[in-house]
>>> print(open('input_35.pdb').read())   # PDB, C-alpha atoms and all ligand atoms
MODEL        1
ATOM      1  CA  MET V1252       0.000   0.000   0.000  1.00  0.00           C
ATOM      2  CA  GLU V1253       3.082   2.201  -0.077  1.00  0.00           C
ATOM      3  CA  TYR V1254       4.728   3.318  -3.277  1.00  0.00           C
ATOM      4  CA  ASN V1255       8.124   4.905  -3.680  1.00  0.00           C
ATOM      5  CA  VAL V1256       7.291   7.593  -6.200  1.00  0.00           C
ATOM      6  CA  ALA V1257      10.732   9.228  -6.522  1.00  0.00           C
ATOM      7  CA  GLN V1258      10.971   8.061 -10.124  1.00  0.00           C
ATOM      8  CA  ILE V1259       7.485   9.323 -11.045  1.00  0.00           C
ATOM      9  CA  LEU V1260       8.195  12.721  -9.461  1.00  0.00           C
ATOM     10  CA  LYS V1261      11.220  13.094 -11.754  1.00  0.00           C
ATOM     11  CA  GLU V1262       9.055  12.498 -14.820  1.00  0.00           C
ATOM     12  CA  GLY V1263       7.186  15.188 -16.691  1.00  0.00           C
ATOM     13  CA  MET V1264       3.541  16.120 -16.183  1.00  0.00           C
ATOM     14  CA  GLY V1265       1.161  13.488 -17.555  1.00  0.00           C
ATOM     15  CA  TYR V1266       3.436  10.518 -16.853  1.00  0.00           C
ATOM     16  CA  ILE V1267       1.390   7.495 -15.689  1.00  0.00           C
ATOM     17  CA  ARG V1268       2.174   4.316 -13.742  1.00  0.00           C
ATOM     18  CA  GLU V1269      -0.446   1.661 -12.987  1.00  0.00           C
ATOM     19  CA  TYR V1270      -0.469  -0.939 -10.254  1.00  0.00           C
ATOM     20  CA  ASP V1271      -2.535  -3.932  -9.187  1.00  0.00           C
ATOM     21  CA  VAL V1272      -3.563  -3.578  -5.573  1.00  0.00           C
ATOM     22  CA  GLU V1273      -4.133  -6.424  -3.159  1.00  0.00           C
ATOM     23  CA  GLU V1274      -3.682  -5.516   0.481  1.00  0.00           C
ATOM     24  CA  TYR V1275      -4.956  -6.416   3.910  1.00  0.00           C
ATOM     25  CA  ILE V1276      -5.602  -3.585   6.339  1.00  0.00           C
ATOM     26  CA  ASP V1277      -6.686  -3.571   9.976  1.00  0.00           C
ATOM     27  CA  ASP V1278     -10.424  -3.672  10.634  1.00  0.00           C
ATOM     28  CA  ILE V1279     -11.432  -0.072  11.302  1.00  0.00           C
ATOM     29  CA  ARG V1280     -14.738  -0.869  12.970  1.00  0.00           C
ATOM     30  CA  HIS V1281     -13.405  -3.763  15.025  1.00  0.00           C
ATOM     31  CA  ILE V1282     -16.225  -6.092  13.991  1.00  0.00           C
ATOM     32  CA  SER V1283     -13.741  -8.912  13.552  1.00  0.00           C
ATOM     33  CA  GLU V1284     -11.390  -7.789  16.310  1.00  0.00           C
ATOM     34  CA  GLY V1285      -9.978 -10.678  18.238  1.00  0.00           C
ATOM     35  CA  CYS V1286      -9.974 -13.110  15.337  1.00  0.00           C
ATOM     36  CA  GLY V1287      -7.072 -11.199  13.810  1.00  0.00           C
ATOM     37  CA  GLN V1288      -9.038 -10.791  10.616  1.00  0.00           C
ATOM     38  CA  LYS V1289      -8.064  -8.037   8.220  1.00  0.00           C
ATOM     39  CA  LEU V1290     -10.002  -6.283   5.509  1.00  0.00           C
ATOM     40  CA  ARG V1291      -9.036  -7.345   2.014  1.00  0.00           C
ATOM     41  CA  VAL V1292      -8.750  -4.486  -0.452  1.00  0.00           C
ATOM     42  CA  ALA V1293      -8.097  -5.241  -4.098  1.00  0.00           C
ATOM     43  CA  GLY V1294      -8.275  -3.505  -7.444  1.00  0.00           C
ATOM     44  CA  ARG V1295      -6.268  -1.156  -9.568  1.00  0.00           C
ATOM     45  CA  ALA V1296      -4.437   2.111  -8.849  1.00  0.00           C
ATOM     46  CA  ARG V1297      -3.147   4.686 -11.294  1.00  0.00           C
ATOM     47  CA  LEU V1298      -0.583   7.327 -10.417  1.00  0.00           C
ATOM     48  CA  LEU V1299      -0.460  10.379 -12.675  1.00  0.00           C
ATOM     49  CA  ARG V1300       2.255  13.038 -12.431  1.00  0.00           C
ATOM     50  CA  THR V1301       0.618  16.479 -12.086  1.00  0.00           C
ATOM     51  CA  ASP V1302       2.277  19.885 -11.925  1.00  0.00           C
ATOM     52  CA  ARG V1303       2.171  19.880  -8.118  1.00  0.00           C
ATOM     53  CA  GLY V1304       2.389  16.210  -7.224  1.00  0.00           C
ATOM     54  CA  ILE V1305       0.739  12.913  -8.073  1.00  0.00           C
ATOM     55  CA  TRP V1306      -2.901  12.227  -8.772  1.00  0.00           C
ATOM     56  CA  LEU V1307      -4.151   8.870  -7.468  1.00  0.00           C
ATOM     57  CA  SER V1308      -7.084   7.243  -9.232  1.00  0.00           C
ATOM     58  CA  ALA V1309      -8.010   3.904  -7.705  1.00  0.00           C
ATOM     59  CA  THR V1310     -10.886   1.520  -8.283  1.00  0.00           C
ATOM     60  CA  LEU V1311     -10.974  -0.871  -5.372  1.00  0.00           C
ATOM     61  CA  GLU V1312     -13.227  -3.428  -3.749  1.00  0.00           C
ATOM     62  CA  ALA V1313     -13.072  -4.002  -0.003  1.00  0.00           C
ATOM     63  CA  GLN V1314     -14.374  -7.068   1.833  1.00  0.00           C
ATOM     64  CA  VAL V1315     -15.638  -5.749   5.150  1.00  0.00           C
ATOM     65  CA  PRO V1316     -16.969  -7.985   7.933  1.00  0.00           C
ATOM     66  CA  ASP V1317     -20.160  -6.529   9.362  1.00  0.00           C
ATOM     67  CA  ILE V1318     -23.364  -7.378  11.183  1.00  0.00           C
ATOM     68  CA  CYS V1319     -26.784  -7.370   9.496  1.00  0.00           C
ATOM     69  CA  SER V1320     -28.781  -4.543  11.086  1.00  0.00           C
ATOM     70  CA  ARG V1321     -32.002  -6.571  10.781  1.00  0.00           C
ATOM     71  CA  CYS V1322     -31.155 -10.150  11.778  1.00  0.00           C
ATOM     72  CA  LEU V1323     -27.765  -9.551  13.477  1.00  0.00           C
ATOM     73  CA  ILE V1324     -25.832 -12.310  11.706  1.00  0.00           C
ATOM     74  CA  TYR V1325     -22.238 -11.773  10.585  1.00  0.00           C
ATOM     75  CA  ILE V1326     -21.947 -10.812   6.960  1.00  0.00           C
ATOM     76  CA  ASN V1327     -19.132  -9.994   4.573  1.00  0.00           C
ATOM     77  CA  ASN V1328     -19.928  -6.707   2.886  1.00  0.00           C
ATOM     78  CA  THR V1329     -18.338  -5.824  -0.422  1.00  0.00           C
ATOM     79  CA  ILE V1330     -17.765  -2.093  -0.638  1.00  0.00           C
ATOM     80  CA  ASP V1331     -16.731  -0.383  -3.867  1.00  0.00           C
ATOM     81  CA  ILE V1332     -14.310   2.484  -3.484  1.00  0.00           C
ATOM     82  CA  GLY V1333     -13.372   4.965  -6.185  1.00  0.00           C
ATOM     83  CA  ILE V1334     -10.548   7.201  -4.999  1.00  0.00           C
ATOM     84  CA  GLU V1335      -9.619  10.459  -6.731  1.00  0.00           C
ATOM     85  CA  GLU V1336      -7.029  12.411  -4.732  1.00  0.00           C
ATOM     86  CA  GLU V1337      -3.950  14.506  -5.344  1.00  0.00           C
ATOM     87  CA  PHE V1338      -0.887  13.769  -3.210  1.00  0.00           C
ATOM     88  CA  LYS V1339       1.643  16.553  -2.747  1.00  0.00           C
ATOM     89  CA  PRO V1340       5.331  16.023  -1.930  1.00  0.00           C
ATOM     90  CA  VAL V1341       6.730  17.599   1.255  1.00  0.00           C
ATOM     91  CA  ILE V1342      10.168  18.034  -0.328  1.00  0.00           C
ATOM     92  CA  ASP V1343      11.334  19.082  -3.756  1.00  0.00           C
ATOM     93  CA  ILE V1344      12.489  15.971  -5.605  1.00  0.00           C
ATOM     94  CA  GLU V1345      15.447  17.758  -7.241  1.00  0.00           C
ATOM     95  CA  THR V1346      16.724  19.993  -4.423  1.00  0.00           C
ATOM     96  CA  ALA V1347      15.373  18.053  -1.368  1.00  0.00           C
ATOM     97  CA  SER V1348      14.280  21.379   0.109  1.00  0.00           C
ATOM     98  CA  PRO V1349      10.974  21.482   2.003  1.00  0.00           C
ATOM     99  CA  LEU V1350       7.928  22.471  -0.021  1.00  0.00           C
ATOM    100  CA  ASP V1351       5.253  24.764   1.294  1.00  0.00           C
ATOM    101  CA  ASN V1352       1.914  22.966   1.373  1.00  0.00           C
ATOM    102  CA  ASP V1353       0.232  25.527   3.612  1.00  0.00           C
ATOM    103  CA  ASP V1354      -2.258  26.567   0.964  1.00  0.00           C
ATOM    104  CA  VAL V1355      -4.463  23.699   2.117  1.00  0.00           C
ATOM    105  CA  PRO V1356      -3.687  23.204   5.825  1.00  0.00           C
ATOM    106  CA  ASN V1357      -4.627  19.764   7.204  1.00  0.00           C
ATOM    107  CA  GLU V1358      -6.214  18.850   3.950  1.00  0.00           C
ATOM    108  CA  GLY V1359      -5.209  16.524   1.217  1.00  0.00           C
ATOM    109  CA  PHE V1360      -2.617  13.797   1.244  1.00  0.00           C
ATOM    110  CA  LEU V1361       1.158  14.090   1.339  1.00  0.00           C
ATOM    111  CA  ILE V1362       4.114  12.226  -0.105  1.00  0.00           C
ATOM    112  CA  ASP V1363       6.662  11.964   2.728  1.00  0.00           C
ATOM    113  CA  GLN V1364      10.302  13.065   2.763  1.00  0.00           C
ATOM    114  CA  ASN V1365      11.351   9.589   1.583  1.00  0.00           C
ATOM    115  CA  ASN V1366       9.087   9.941  -1.480  1.00  0.00           C
ATOM    116  CA  ILE V1367       6.664   7.361  -0.103  1.00  0.00           C
ATOM    117  CA  LEU V1368       3.048   7.710  -1.154  1.00  0.00           C
ATOM    118  CA  SER V1369       0.790   5.673   1.140  1.00  0.00           C
ATOM    119  CA  ILE V1370      -2.779   5.059   0.009  1.00  0.00           C
ATOM    120  CA  GLU V1371      -3.970   3.435   3.249  1.00  0.00           C
ATOM    121  CA  ASP V1372      -5.328   6.655   4.834  1.00  0.00           C
ATOM    122  CA  ALA V1373      -7.208   7.468   1.643  1.00  0.00           C
ATOM    123  CA  ILE V1374      -8.697   3.960   1.598  1.00  0.00           C
ATOM    124  CA  ARG V1375      -9.855   4.357   5.217  1.00  0.00           C
ATOM    125  CA  GLN V1376     -11.479   7.725   4.509  1.00  0.00           C
ATOM    126  CA  TYR V1377     -13.298   6.412   1.450  1.00  0.00           C
ATOM    127  CA  LEU V1378     -14.333   3.231   3.296  1.00  0.00           C
ATOM    128  CA  ASP V1379     -15.931   5.349   6.014  1.00  0.00           C
ATOM    129  CA  LEU V1380     -17.787   7.406   3.420  1.00  0.00           C
ATOM    130  CA  ASN V1381     -18.999   4.400   1.449  1.00  0.00           C
ATOM    131  CA  SER V1382     -19.941   2.040   4.281  1.00  0.00           C
ATOM    132  CA  PRO V1383     -23.706   1.593   4.630  1.00  0.00           C
ATOM    133  CA  MET V1384     -25.231   2.998   7.833  1.00  0.00           C
ATOM    134  CA  LYS V1385     -27.473  -0.055   8.103  1.00  0.00           C
ATOM    135  CA  PRO V1386     -25.805  -3.033   6.451  1.00  0.00           C
ATOM    136  CA  ILE V1387     -28.134  -5.922   5.582  1.00  0.00           C
ATOM    137  CA  CYS V1388     -27.405  -9.551   4.725  1.00  0.00           C
ATOM    138  CA  ASP V1389     -29.928  -9.454   1.881  1.00  0.00           C
ATOM    139  CA  THR V1390     -32.558  -6.998   0.663  1.00  0.00           C
ATOM    140  CA  SER V1391     -35.174  -9.629   1.485  1.00  0.00           C
ATOM    141  CA  CYS V1392     -33.924 -10.141   5.073  1.00  0.00           C
ATOM    142  CA  LYS V1393     -36.961 -10.521   7.368  1.00  0.00           C
ATOM    143  CA  GLY V1394     -35.012  -9.654  10.520  1.00  0.00           C
ATOM    144  CA  ILE V1395     -35.727 -11.028  13.974  1.00  0.00           C
ATOM    145  CA  CYS V1396     -39.093 -11.192  15.704  1.00  0.00           C
ATOM    146  CA  LEU V1397     -39.257  -8.321  18.180  1.00  0.00           C
ATOM    147  CA  THR V1398     -41.315 -10.435  20.550  1.00  0.00           C
ATOM    148  CA  CYS V1399     -39.555 -13.814  20.718  1.00  0.00           C
ATOM    149  CA  GLY V1400     -36.223 -12.999  19.088  1.00  0.00           C
ATOM    150  CA  ILE V1401     -36.333 -15.761  16.503  1.00  0.00           C
ATOM    151  CA  ASN V1402     -34.508 -15.227  13.201  1.00  0.00           C
ATOM    152  CA  LEU V1403     -37.438 -14.946  10.783  1.00  0.00           C
ATOM    153  CA  ASN V1404     -35.226 -15.910   7.821  1.00  0.00           C
ATOM    154  CA  GLU V1405     -34.758 -19.347   9.369  1.00  0.00           C
ATOM    155  CA  ASN V1406     -38.007 -19.949  11.211  1.00  0.00           C
ATOM    156  CA  ALA V1407     -41.534 -18.678  11.478  1.00  0.00           C
ATOM    157  CA  CYS V1408     -42.945 -17.951  14.904  1.00  0.00           C
ATOM    158  CA  CYS V1409     -46.449 -17.695  16.336  1.00  0.00           C
ATOM    159  CA  CYS V1410     -46.103 -14.094  17.471  1.00  0.00           C
ATOM    160  CA  ASP V1411     -46.895 -12.630  14.061  1.00  0.00           C
ATOM    161  CA  ALA V1412     -50.678 -12.462  14.439  1.00  0.00           C
ATOM    162  CA  GLU V1413     -50.408 -10.788  17.838  1.00  0.00           C
ATOM    163  CA  MET V1414     -47.518  -8.525  17.107  1.00  0.00           C
ATOM    164  CA  ARG V1415     -48.047  -5.030  15.893  1.00  0.00           C
ATOM    165  CA  ASP V1416     -45.281  -2.671  14.972  1.00  0.00           C
ATOM    166  CA  PRO V1417     -45.520   0.019  17.687  1.00  0.00           C
ATOM    167  CA  ARG V1418     -44.924   2.689  15.033  1.00  0.00           C
ATOM    168  CA  TRP V1419     -48.394   2.028  13.615  1.00  0.00           C
ATOM    169  CA  GLY V1420     -50.071   2.651  16.991  1.00  0.00           C
ATOM    170  CA  ASP V1421     -50.708   6.363  16.432  1.00  0.00           C
ATOM    171  CA  LEU V1422     -52.018   5.777  12.939  1.00  0.00           C
ATOM    172  CA  GLU V1423     -54.432   3.143  14.170  1.00  0.00           C
ATOM    173  CA  ARG V1424     -55.726   5.479  16.895  1.00  0.00           C
ATOM    174  CA  LEU V1425     -56.228   8.206  14.316  1.00  0.00           C
ATOM    175  CA  THR V1426     -58.044   5.862  11.943  1.00  0.00           C
ATOM    176  CA  ALA V1427     -60.321   4.742  14.765  1.00  0.00           C
ATOM    177  CA  GLU V1428     -61.132   8.379  15.629  1.00  0.00           C
ATOM    178  CA  TRP V1429     -62.041   9.135  12.032  1.00  0.00           C
ATOM    179  CA  GLU V1430     -64.258   6.095  11.880  1.00  0.00           C
ATOM    180  CA  ASP V1431     -66.001   7.196  15.080  1.00  0.00           C
ATOM    181  CA  ARG V1432     -66.678  10.649  13.596  1.00  0.00           C
ATOM    182  CA  GLY V1433     -68.088   9.105  10.466  1.00  0.00           C
ATOM    183  CA  ARG V1434     -70.806   7.389  12.411  1.00  0.00           C
TER
HETATM  184 ZN    ZN I1501     -30.236 -10.142   7.831  1.00  0.00          ZN
HETATM  185 ZN    ZN I1502     -41.925 -14.298  17.473  1.00  0.00          ZN
ENDMDL
END
>>> encode(input="input_35.pdb", output="structure tokens")
Amino acid sequence: MEYNVAQILKEGMGYIREYDVEEYIDDIRHISEGCGQKLRVAGRARLLRTDRGIWLSATLEAQVPDICSRCLIYINNTIDIGIEEEFKPVIDIETASPLDNDDVPNEGFLIDQNNILSIEDAIRQYLDLNSPMKPICDTSCKGICLTCGINLNENACCCDAEMRDPRWGDLERLTAEWEDRGR
């Protein structure tokens, strides 16, 4: 996940190098913490020499362990990440003198003094942005019964007839009132 880009920085604007990416990074959300599992990230990265630095374009797919928000089973989410970011060097490649990157303080990504461009932070940022708030195992997941806790994908239970979603309570009261008025 780290590239020595000294050679690319010495090339002219528009110079391109492409790489296959297959890396394992630590689980950011600690879903699989303890089993030592890492997130697999794979795809393709392209580094383009710009006037100020290097433009990273990456099309990646991450396998992220997660928990279904409906039925609470472990799932393996596939998250697509498309990264477009410019990395700026902290030193001048020819003179080794420090470069002023203060035009965008605390923003953007940097190539360190050893000419190493690391894409891991960018991957983490994009993973955060692209991760679903409520991951599900399947769009047809029936979830768990709120009364008896059974996984409704695996079993039916007898609570269904009795159970009402509490969110409908107000609507039912309102409907009853209208019906009363109608009489
Ligand atoms: Zn589910
Ligand atoms: Zn039930």
>>> atom_distance(input="input_35.pdb", atom1="CA of Arg1291 in chain V", atom2="CA of Ala1313 in chain V")
5.6 Å
>>> resolve_selection(input="input_35.pdb", expression="the PyMOL selection byres (((not hetatm)) within 8 of (chain I and resi 1501))", output="ChimeraX atom specification")
/V:1319-1324,1387-1389,1392-1394,1404
>>> residues_near_ligand(input="input_35.pdb", ligand="ligand ZN 1502 (chain I)", cutoff="8 Å", atoms="only C-alpha atoms and all ligand atoms", output="list in words")
Ile1395, Cys1396, Leu1397, Thr1398, Cys1399, Gly1400, Ile1401, Ala1407, Cys1408, Cys1409, Cys1410 and Asp1411 of chain V
>>> residues_around(input="input_35.pdb", residues="Ala1257 in chain V", least_positions_apart="6", cutoff="10 Å", atoms="all atoms listed in the file", output="JSON, numbers by chain")
{"V": [1340, 1344, 1345, 1362, 1365, 1366, 1367, 1368]}
>>> atom_distance(input="input_35.pdb", atom1="CA of Leu1298 in chain V", atom2="CA of Leu1260 in chain V")
10.3 Å
>>> atom_distance(input="input_35.pdb", atom1="CA of Ile1374 in chain V", atom2="CA of Met1252 in chain V")
9.7 Å
>>> closest_residue(input="input_35.pdb", among="V:Val1341, V:Ile1330, V:Leu1290, V:Leu1380", to="Gly1304 in chain V", atoms="only C-alpha atoms")
V:Val1341
>>> closest_residue(input="input_35.pdb", among="V:Ile1259, V:Arg1297, V:Thr1390, V:Asp1278", to="Asp1317 in chain V", atoms="all atoms listed in the file")
V:Asp1278
>>> closest_residue(input="input_35.pdb", among="V:Val1315, V:Arg1295, V:Glu1273, V:Thr1310", to="Pro1383 in chain V", atoms="all atoms listed in the file")
V:Val1315
>>> resolve_selection(input="input_35.pdb", expression="the PyMOL selection byres (((chain V and resi 1337) around 8) and not hetatm)", output="JSON list (two decimals) with C-alpha atoms, in the coordinates of the input")
[["chain", "number", "residue", "atom", "x", "y", "z"],
["V", 1304, "GLY", "CA", 2.39, 16.21, -7.22],
["V", 1305, "ILE", "CA", 0.74, 12.91, -8.07],
["V", 1306, "TRP", "CA", -2.90, 12.23, -8.77],
["V", 1307, "LEU", "CA", -4.15, 8.87, -7.47],
["V", 1335, "GLU", "CA", -9.62, 10.46, -6.73],
["V", 1336, "GLU", "CA", -7.03, 12.41, -4.73],
["V", 1338, "PHE", "CA", -0.89, 13.77, -3.21],
["V", 1339, "LYS", "CA", 1.64, 16.55, -2.75],
["V", 1359, "GLY", "CA", -5.21, 16.52, 1.22],
["V", 1360, "PHE", "CA", -2.62, 13.80, 1.24]]
>>> residues_around(input="input_35.pdb", residues="Arg1300 in chain V", least_positions_apart="6", cutoff="6 Å", atoms="only C-alpha atoms", output="list in words")
Met1264, Gly1265 and Tyr1266 of chain V
